[in-house]
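> Here's a structure for you.
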Amino acid sequence: MDVFEIHGGNRLRGTIQIGGSKNAALPLMAAVLLTEGETILRNVPDLKDVELMGELLAQLGVSVRRIEPGILRLRVEDESNSHARYELVSQMRASVCVLGPLLGKRKTARVAMPGGCAIGFRPIDLHVRGCQALGADYDLANGDVVLKTKRLAGTEVFLGGPFGSSVTATANVMMAAVLAEGATVIESAACEPEVADLAVYLNACGARISGHGTPRIVIEGVDALRGVEHTIIPDRIEAGTFMIAAGITNGELELAGARLDHLVAAVDALRRVGVLVKRTDTGVNVSAARRLEPIEITTQPYPGFPTDLQAQMMALLALADGNSVLTEKIYPDRFLHVAELNRMGAHLRKEGPTVIIEGVKQLVGAPVMASDLRASAALVLAGLIAKGRTVIQRVYHIDRGYERIEEKLRAVGADIRRVKT
Ligand code: EPU
C-alpha cells in the first residue's frame, strides 16, 4: 500500500491546474443510463471513484471508453441487467446514483443498500421516498433496494431531511423524473453546482428541467433523451483544498480553471482568516498573510461552507493566532482527522458536532493514518507545514478524490513523494 512522505516547511509557489469535479462526474456518468446514442464527457478526472463508476456502468450494459486523457465515451448497449451489486456499491457510495436513472429508463432498479461509512451515518431514505412519490413500489430484498414501476408520473417531491437537502437524492429524483409523464416539482432540492451541472447535461440531451441551482427544480417529462457532448465543471473542493495549501504554507498559488463563484463561502472564510483570494483571467490567485486570524465556521448545504472542506480548514485554523470554533452540520461525526491532527501537535477538542481549535505556533511531523478522503487531504495540508517528516498511510483514500495530488503539490515546491511499501 502506498504512503506519502512529506517534509514540511516549503512555501508553495506556482500554478496548479484544477481538474474536473468528481462529484459532478459520478452522477453525470450514471445519467448516461437514461440516454440513447453516444455521450462524450470532457474534463473527467482520472480517479479511482470514476474507474469504479465505469465498472458499475459496464455491468449495467454501458460501454465506457477513455478515448483520451480526460475524455470518456459512453453508450448504453444492453438494458437487460438493472442490478448494482454490493461488491461495487460497498466500495463506493456514489453507486447509488444509478438508482434514479435505472428506474426512470428501465422501470426497475435493484441497488445494494450502501453500508457503514467512515464519515458517519448516511441513510438513503430520501432517495427512496422521492422515487416512491413518482410511483415506484419499494422492497428491500437481501440487502438490496428494489424499486419497480409500470409508469412514473410527475408529482411534488419534498427532499428536505434532518440535515437539509440531499445532493445525490436530488440527482436521483431528477433523473427518475426526466422520462416520467407530466411535471415533477422538487422542493428543498440541493443547490450544489454538481446538481446544476447534471441538469445542464440532461437538458442538452433533450430534458426539460428548470430551476436547477435553486431549492425548487421543475422537470417536465419527455419521451426520450439523446446522448451529447458535455464538459464537466471544475472541482471546487480540489480548488478549495489548494487554496488552503497556499494559506497554510504562506505561499502564493495560481489555481487555473478554478471558479470563485462556486466557492463563495470558503473564500469568505479564507479572507476572514487573512488569506488573500483574487479572481484572475484564468482562475484564482491565492496568497497568505503571515498571521492567521481565528474564526468560527459552520458547515451547511450549498452555498454555505462545504462539509467537504471542513477537515482541510481545521488544519489551517490549527495554526491561527487564537481560538477557532468549527461546527459540522451535515455529518456530525465527520471528525476522524481530529485525533490525527492532534498527533501532529494541534490542540483540538471535540464537543459533540463542534471542535474547539486552540491555535498553535507549529505542527510537528508524525506518522498518521488517512481515514476518509477529505480527512486525508487535511493531513497532507498539515504535513506541508509541519516541522520534520510526516508519513501518511492508506493514501488510497486520497486517490479516490484527488488526481495525482502529490505531483501537483511537488510541481509548486512541496517536498512530498509517494512511496510504495
Ligand atoms: N441524508 C438523509 N437521507 C438521505 C440522504 C441524505 O438523511 O436519504 C442526510 C445525510 O446523512 C447528510 C445530509 O443528508 O447528513 C446530506 O447528505 P447528502 O445526501 O447531500 O450527501 P451525498 O449526496 O451522499 C454528496 C457528496 C459528498 C458530500 C455530500 C454533502 C457525492 C458523490 N458525494 O454526498 O462528497 O460530502 O454530498 O455535500 O456527490 C466527498 O466528496 O468527500 C463526499 C463525501
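Residues are referred to by chain and number: the chain letter is A, B, ... according to the order shown in the C-alpha cells, the number counts from 1 in that chain, and ligands are numbered separately from 1 in the order shown.
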Using only C-alpha atoms, which protein or nucleic acid residues come within 7 Å of A:Glu238? Drop anything in the same chain fewer than 3 positions from it, and give the result as a list in words.
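Non-adjacent residues within range: Ile18, Asp235, Thr241, Phe242 and Tyr402 of chain A.
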> All residues within 7 Å of ligand 1 are required, counting only C-alpha atoms and all ligand atoms; please report them as a list of chain:residue names.
A:Asn23, A:Ala24, A:Leu26, A:Ala94, A:Phe121, A:Arg122, A:Pro123, A:Ile124, A:Asp125, A:Leu126, A:His127, A:Gly161, A:Pro162, A:Phe163, A:Gly164, A:Ser165, A:Ser166, A:Val167, A:Thr168, A:Ala169, A:Pro301, A:Pro306, A:Thr307, A:Asp308, A:Ile330, A:Tyr331, A:Leu373, A:Arg374, A:Gly401
> When you look at A:Ser287 with a cut-off of 7 Å (counting only C-alpha atoms), what residues show up, excluding the ones that are within fewer than 2 positions of it in the same chain? I need them as a list in words.
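That gives Ala246, Gly247, Asn250, Gly251, Glu252, Leu253, Val275, Leu276, Val277 and Asn285 of chain A.
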> Go through stretch 94-288 of chain A and collect every residue that DSSP, computed from the backbone, puts in strand (DSSP E or B); the answer should be as number ranges by chain.
A: 108-112, 137-141, 144-148, 153, 156-158, 161, 164, 181, 183-187, 208-210, 216-220, 225-226, 229-231, 234, 252-256, 275-279, 283-288
> Point out the residue among A:Gly120, A:Ala370, A:Thr170, A:Asp281 with the least atom-to-atom distance to A:Glu328, counting only C-alpha atoms.
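So, comparing all the options, the nearest one is A:Gly120.
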> How would you write, as a PDB file with N, CA and C atoms, in the first residue's frame, the set of residues in stretch 24-161 of chain A that DSSP gives as helix (DSSP H, G or I)?

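The resulting file, out18.pdb, is reproduced below:
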```pdb
ATOM      1  N   ALA A  24     -19.417  15.876  -9.659  1.00  0.00           N
ATOM      2  CA  ALA A  24     -20.254  16.103 -10.845  1.00  0.00           C
ATOM      3  C   ALA A  24     -20.117  14.911 -11.786  1.00  0.00           C
ATOM      4  N   ALA A  25     -18.878  14.404 -11.937  1.00  0.00           N
ATOM      5  CA  ALA A  25     -18.628  13.330 -12.906  1.00  0.00           C
ATOM      6  C   ALA A  25     -19.435  12.068 -12.585  1.00  0.00           C
ATOM      7  N   LEU A  26     -19.536  11.712 -11.294  1.00  0.00           N
ATOM      8  CA  LEU A  26     -20.152  10.416 -10.945  1.00  0.00           C
ATOM      9  C   LEU A  26     -21.643  10.371 -11.311  1.00  0.00           C
ATOM     10  N   PRO A  27     -22.484  11.339 -10.881  1.00  0.00           N
ATOM     11  CA  PRO A  27     -23.889  11.299 -11.329  1.00  0.00           C
ATOM     12  C   PRO A  27     -24.050  11.508 -12.833  1.00  0.00           C
ATOM     13  N   LEU A  28     -23.159  12.308 -13.440  1.00  0.00           N
ATOM     14  CA  LEU A  28     -23.243  12.509 -14.903  1.00  0.00           C
ATOM     15  C   LEU A  28     -23.027  11.200 -15.647  1.00  0.00           C
ATOM     16  N   MET A  29     -22.062  10.409 -15.179  1.00  0.00           N
ATOM     17  CA  MET A  29     -21.826   9.115 -15.826  1.00  0.00           C
ATOM     18  C   MET A  29     -23.065   8.234 -15.670  1.00  0.00           C
ATOM     19  N   ALA A  30     -23.658   8.259 -14.458  1.00  0.00           N
ATOM     20  CA  ALA A  30     -24.853   7.436 -14.219  1.00  0.00           C
ATOM     21  C   ALA A  30     -26.013   7.891 -15.106  1.00  0.00           C
ATOM     22  N   ALA A  31     -26.073   9.187 -15.383  1.00  0.00           N
ATOM     23  CA  ALA A  31     -27.182   9.734 -16.179  1.00  0.00           C
ATOM     24  C   ALA A  31     -27.193   9.186 -17.600  1.00  0.00           C
ATOM     25  N   VAL A  32     -26.056   8.699 -18.061  1.00  0.00           N
ATOM     26  CA  VAL A  32     -25.978   8.144 -19.415  1.00  0.00           C
ATOM     27  C   VAL A  32     -26.947   6.963 -19.561  1.00  0.00           C
ATOM     28  N   LEU A  33     -27.264   6.293 -18.441  1.00  0.00           N
ATOM     29  CA  LEU A  33     -28.223   5.178 -18.478  1.00  0.00           C
ATOM     30  C   LEU A  33     -29.571   5.607 -19.057  1.00  0.00           C
ATOM     31  N   LEU A  34     -29.868   6.917 -18.981  1.00  0.00           N
ATOM     32  CA  LEU A  34     -31.161   7.426 -19.459  1.00  0.00           C
ATOM     33  C   LEU A  34     -31.185   7.668 -20.956  1.00  0.00           C
ATOM     34  N   LYS A  48      -9.951   6.972  -8.815  1.00  0.00           N
ATOM     35  CA  LYS A  48     -10.429   5.622  -8.506  1.00  0.00           C
ATOM     36  C   LYS A  48     -11.964   5.553  -8.551  1.00  0.00           C
ATOM     37  N   ASP A  49     -12.640   6.574  -8.019  1.00  0.00           N
ATOM     38  CA  ASP A  49     -14.112   6.532  -7.993  1.00  0.00           C
ATOM     39  C   ASP A  49     -14.708   6.560  -9.401  1.00  0.00           C
ATOM     40  N   VAL A  50     -14.055   7.279 -10.302  1.00  0.00           N
ATOM     41  CA  VAL A  50     -14.527   7.332 -11.690  1.00  0.00           C
ATOM     42  C   VAL A  50     -14.349   5.952 -12.339  1.00  0.00           C
ATOM     43  N   GLU A  51     -13.230   5.322 -12.014  1.00  0.00           N
ATOM     44  CA  GLU A  51     -12.985   3.968 -12.530  1.00  0.00           C
ATOM     45  C   GLU A  51     -14.056   2.996 -12.001  1.00  0.00           C
ATOM     46  N   LEU A  52     -14.380   3.132 -10.711  1.00  0.00           N
ATOM     47  CA  LEU A  52     -15.390   2.237 -10.124  1.00  0.00           C
ATOM     48  C   LEU A  52     -16.762   2.474 -10.755  1.00  0.00           C
ATOM     49  N   MET A  53     -17.101   3.748 -11.004  1.00  0.00           N
ATOM     50  CA  MET A  53     -18.391   4.031 -11.651  1.00  0.00           C
ATOM     51  C   MET A  53     -18.398   3.440 -13.060  1.00  0.00           C
ATOM     52  N   GLY A  54     -17.258   3.494 -13.731  1.00  0.00           N
ATOM     53  CA  GLY A  54     -17.140   2.889 -15.063  1.00  0.00           C
ATOM     54  C   GLY A  54     -17.394   1.392 -14.999  1.00  0.00           C
ATOM     55  N   GLU A  55     -16.832   0.732 -13.989  1.00  0.00           N
ATOM     56  CA  GLU A  55     -17.033  -0.722 -13.827  1.00  0.00           C
ATOM     57  C   GLU A  55     -18.500  -1.047 -13.582  1.00  0.00           C
ATOM     58  N   LEU A  56     -19.132  -0.222 -12.719  1.00  0.00           N
ATOM     59  CA  LEU A  56     -20.542  -0.465 -12.411  1.00  0.00           C
ATOM     60  C   LEU A  56     -21.396  -0.292 -13.671  1.00  0.00           C
ATOM     61  N   LEU A  57     -21.129   0.779 -14.424  1.00  0.00           N
ATOM     62  CA  LEU A  57     -21.912   1.017 -15.645  1.00  0.00           C
ATOM     63  C   LEU A  57     -21.701  -0.107 -16.652  1.00  0.00           C
ATOM     64  N   ALA A  58     -20.471  -0.623 -16.714  1.00  0.00           N
ATOM     65  CA  ALA A  58     -20.200  -1.735 -17.639  1.00  0.00           C
ATOM     66  C   ALA A  58     -21.077  -2.934 -17.267  1.00  0.00           C
ATOM     67  N   GLN A  59     -21.210  -3.185 -15.963  1.00  0.00           N
ATOM     68  CA  GLN A  59     -22.073  -4.301 -15.533  1.00  0.00           C
ATOM     69  C   GLN A  59     -23.541  -4.051 -15.901  1.00  0.00           C
ATOM     70  N   TYR A  86     -23.641  -5.467  -4.405  1.00  0.00           N
ATOM     71  CA  TYR A  86     -22.999  -4.993  -3.172  1.00  0.00           C
ATOM     72  C   TYR A  86     -21.485  -4.884  -3.312  1.00  0.00           C
ATOM     73  N   GLU A  87     -20.869  -5.800  -4.087  1.00  0.00           N
ATOM     74  CA  GLU A  87     -19.396  -5.795  -4.213  1.00  0.00           C
ATOM     75  C   GLU A  87     -18.896  -4.424  -4.676  1.00  0.00           C
ATOM     76  N   LEU A  88     -19.616  -3.796  -5.599  1.00  0.00           N
ATOM     77  CA  LEU A  88     -19.174  -2.476  -6.067  1.00  0.00           C
ATOM     78  C   LEU A  88     -19.744  -1.355  -5.209  1.00  0.00           C
ATOM     79  N   VAL A  89     -21.021  -1.462  -4.847  1.00  0.00           N
ATOM     80  CA  VAL A  89     -21.660  -0.393  -4.058  1.00  0.00           C
ATOM     81  C   VAL A  89     -20.925  -0.209  -2.730  1.00  0.00           C
ATOM     82  N   ARG A  93     -20.024   4.726  -2.330  1.00  0.00           N
ATOM     83  CA  ARG A  93     -21.417   5.087  -2.045  1.00  0.00           C
ATOM     84  C   ARG A  93     -22.106   5.752  -3.223  1.00  0.00           C
ATOM     85  N   ALA A  94     -21.313   6.496  -4.044  1.00  0.00           N
ATOM     86  CA  ALA A  94     -21.935   7.219  -5.156  1.00  0.00           C
ATOM     87  C   ALA A  94     -22.560   6.266  -6.170  1.00  0.00           C
ATOM     88  N   SER A  95     -22.334   4.949  -6.011  1.00  0.00           N
ATOM     89  CA  SER A  95     -23.015   3.963  -6.863  1.00  0.00           C
ATOM     90  C   SER A  95     -24.527   4.148  -6.789  1.00  0.00           C
ATOM     91  N   VAL A  96     -25.005   4.709  -5.688  1.00  0.00           N
ATOM     92  CA  VAL A  96     -26.443   4.888  -5.500  1.00  0.00           C
ATOM     93  C   VAL A  96     -27.027   5.809  -6.585  1.00  0.00           C
ATOM     94  N   CYS A  97     -26.160   6.549  -7.286  1.00  0.00           N
ATOM     95  CA  CYS A  97     -26.625   7.451  -8.356  1.00  0.00           C
ATOM     96  C   CYS A  97     -27.233   6.712  -9.544  1.00  0.00           C
ATOM     97  N   VAL A  98     -27.093   5.392  -9.610  1.00  0.00           N
ATOM     98  CA  VAL A  98     -27.721   4.674 -10.731  1.00  0.00           C
ATOM     99  C   VAL A  98     -29.193   4.363 -10.439  1.00  0.00           C
ATOM    100  N   LEU A  99     -29.611   4.563  -9.183  1.00  0.00           N
ATOM    101  CA  LEU A  99     -30.985   4.213  -8.787  1.00  0.00           C
ATOM    102  C   LEU A  99     -32.038   4.955  -9.627  1.00  0.00           C
ATOM    103  N   GLY A 100     -31.913   6.280  -9.666  1.00  0.00           N
ATOM    104  CA  GLY A 100     -32.901   7.102 -10.386  1.00  0.00           C
ATOM    105  C   GLY A 100     -32.932   6.809 -11.881  1.00  0.00           C
ATOM    106  N   PRO A 101     -31.749   6.824 -12.556  1.00  0.00           N
ATOM    107  CA  PRO A 101     -31.785   6.566 -13.997  1.00  0.00           C
ATOM    108  C   PRO A 101     -32.254   5.163 -14.364  1.00  0.00           C
ATOM    109  N   LEU A 102     -31.893   4.150 -13.558  1.00  0.00           N
ATOM    110  CA  LEU A 102     -32.368   2.789 -13.873  1.00  0.00           C
ATOM    111  C   LEU A 102     -33.890   2.750 -13.773  1.00  0.00           C
ATOM    112  N   LEU A 103     -34.414   3.342 -12.705  1.00  0.00           N
ATOM    113  CA  LEU A 103     -35.865   3.332 -12.531  1.00  0.00           C
ATOM    114  C   LEU A 103     -36.547   4.104 -13.662  1.00  0.00           C
ATOM    115  N   GLY A 104     -35.999   5.288 -13.971  1.00  0.00           N
ATOM    116  CA  GLY A 104     -36.615   6.143 -14.990  1.00  0.00           C
ATOM    117  C   GLY A 104     -36.629   5.482 -16.362  1.00  0.00           C
ATOM    118  N   LYS A 105     -35.540   4.824 -16.720  1.00  0.00           N
ATOM    119  CA  LYS A 105     -35.437   4.291 -18.092  1.00  0.00           C
ATOM    120  C   LYS A 105     -35.902   2.841 -18.188  1.00  0.00           C
ATOM    121  N   ARG A 106     -35.480   2.018 -17.203  1.00  0.00           N
ATOM    122  CA  ARG A 106     -35.761   0.572 -17.327  1.00  0.00           C
ATOM    123  C   ARG A 106     -36.956   0.133 -16.488  1.00  0.00           C
ATOM    124  N   ASP A 125     -32.954   7.181   2.720  1.00  0.00           N
ATOM    125  CA  ASP A 125     -34.419   7.233   2.783  1.00  0.00           C
ATOM    126  C   ASP A 125     -35.013   8.284   1.838  1.00  0.00           C
ATOM    127  N   LEU A 126     -34.321   9.419   1.666  1.00  0.00           N
ATOM    128  CA  LEU A 126     -34.881  10.475   0.805  1.00  0.00           C
ATOM    129  C   LEU A 126     -34.888  10.046  -0.662  1.00  0.00           C
ATOM    130  N   HIS A 127     -33.862   9.293  -1.061  1.00  0.00           N
ATOM    131  CA  HIS A 127     -33.813   8.784  -2.443  1.00  0.00           C
ATOM    132  C   HIS A 127     -35.046   7.896  -2.678  1.00  0.00           C
ATOM    133  N   VAL A 128     -35.271   6.991  -1.725  1.00  0.00           N
ATOM    134  CA  VAL A 128     -36.346   6.003  -1.887  1.00  0.00           C
ATOM    135  C   VAL A 128     -37.702   6.698  -1.847  1.00  0.00           C
ATOM    136  N   ARG A 129     -37.871   7.623  -0.881  1.00  0.00           N
ATOM    137  CA  ARG A 129     -39.169   8.310  -0.766  1.00  0.00           C
ATOM    138  C   ARG A 129     -39.481   9.108  -2.022  1.00  0.00           C
ATOM    139  N   GLY A 130     -38.452   9.739  -2.580  1.00  0.00           N
ATOM    140  CA  GLY A 130     -38.655  10.522  -3.814  1.00  0.00           C
ATOM    141  C   GLY A 130     -39.120   9.632  -4.952  1.00  0.00           C
ATOM    142  N   CYS A 131     -38.491   8.472  -5.078  1.00  0.00           N
ATOM    143  CA  CYS A 131     -38.870   7.552  -6.166  1.00  0.00           C
ATOM    144  C   CYS A 131     -40.266   6.981  -5.935  1.00  0.00           C
ATOM    145  N   GLN A 132     -40.593   6.710  -4.666  1.00  0.00           N
ATOM    146  CA  GLN A 132     -41.948   6.212  -4.361  1.00  0.00           C
ATOM    147  C   GLN A 132     -42.995   7.257  -4.746  1.00  0.00           C
ATOM    148  N   ALA A 133     -42.689   8.526  -4.460  1.00  0.00           N
ATOM    149  CA  ALA A 133     -43.648   9.592  -4.777  1.00  0.00           C
ATOM    150  C   ALA A 133     -43.929   9.629  -6.281  1.00  0.00           C
TER     151      ALA A 133
END
```
> Let me make sure I understand: among A:Ser82, A:Ala315, A:Met243, A:Arg389, which one has the smallest atom-to-atom distance to A:Leu409 if we use only C-alpha atoms?
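Among A:Ser82, A:Ala315, A:Met243, A:Arg389, it is A:Met243 that comes nearest to A:Leu409.
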> Hey, which of A:Glu254, A:Glu77, A:Glu181, A:Glu194 ends up closest to A:Gly221? Count only C-alpha atoms.
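With only C-alpha atoms as the atom set, the closest residue is A:Glu181.
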> For A:Ile232, find every residue with an atom within 10 Å (counting only C-alpha atoms), except residues of its own chain fewer than 5 positions away, and show them as a compact mmCIF listing (two decimals) with N, CA and C atoms, in the first residue's frame.

```
# COMPACT_ATOMS: atom_id res chain seq x y z
N GLY A 19 -8.70 20.13 -11.78
CA GLY A 19 -9.30 19.08 -12.61
C GLY A 19 -10.83 19.15 -12.61
N GLY A 20 -11.45 18.23 -13.33
CA GLY A 20 -12.91 18.15 -13.37
C GLY A 20 -13.45 17.63 -12.04
N SER A 21 -14.69 18.00 -11.75
CA SER A 21 -15.29 17.69 -10.45
C SER A 21 -15.66 16.21 -10.32
N LYS A 22 -15.14 15.57 -9.28
CA LYS A 22 -15.51 14.18 -9.01
C LYS A 22 -17.01 14.06 -8.77
N ASN A 23 -17.55 14.93 -7.93
CA ASN A 23 -18.95 14.77 -7.54
C ASN A 23 -19.94 15.23 -8.61
N ALA A 24 -19.42 15.88 -9.66
CA ALA A 24 -20.25 16.10 -10.85
C ALA A 24 -20.12 14.91 -11.79
N ALA A 25 -18.88 14.40 -11.94
CA ALA A 25 -18.63 13.33 -12.91
C ALA A 25 -19.44 12.07 -12.59
N LEU A 28 -23.16 12.31 -13.44
CA LEU A 28 -23.24 12.51 -14.90
C LEU A 28 -23.03 11.20 -15.65
N LEU A 41 -17.99 12.76 -22.46
CA LEU A 41 -17.77 13.61 -21.30
C LEU A 41 -16.32 14.10 -21.32
N ARG A 42 -16.17 15.42 -21.22
CA ARG A 42 -14.82 16.01 -21.19
C ARG A 42 -14.51 16.50 -19.79
N ASN A 43 -13.22 16.66 -19.52
CA ASN A 43 -12.76 17.13 -18.20
C ASN A 43 -13.13 16.12 -17.10
N VAL A 44 -13.05 14.83 -17.44
CA VAL A 44 -13.34 13.79 -16.46
C VAL A 44 -12.06 13.51 -15.66
N PRO A 45 -12.11 13.64 -14.34
CA PRO A 45 -10.88 13.41 -13.56
C PRO A 45 -10.50 11.93 -13.57
N GLY A 70 -8.82 12.40 -19.87
CA GLY A 70 -9.88 13.35 -19.52
C GLY A 70 -11.13 13.26 -20.36
N GLU A 194 -22.86 20.81 -8.65
CA GLU A 194 -22.78 19.49 -9.29
C GLU A 194 -24.18 19.04 -9.74
N ASP A 197 -24.95 21.08 -12.82
CA ASP A 197 -24.21 20.59 -13.99
C ASP A 197 -24.92 19.37 -14.60
N LEU A 198 -25.46 18.53 -13.72
CA LEU A 198 -26.21 17.36 -14.19
C LEU A 198 -27.44 17.82 -15.00
N TYR A 201 -26.47 18.99 -18.46
CA TYR A 201 -26.25 17.85 -19.37
C TYR A 201 -27.59 17.25 -19.82
```
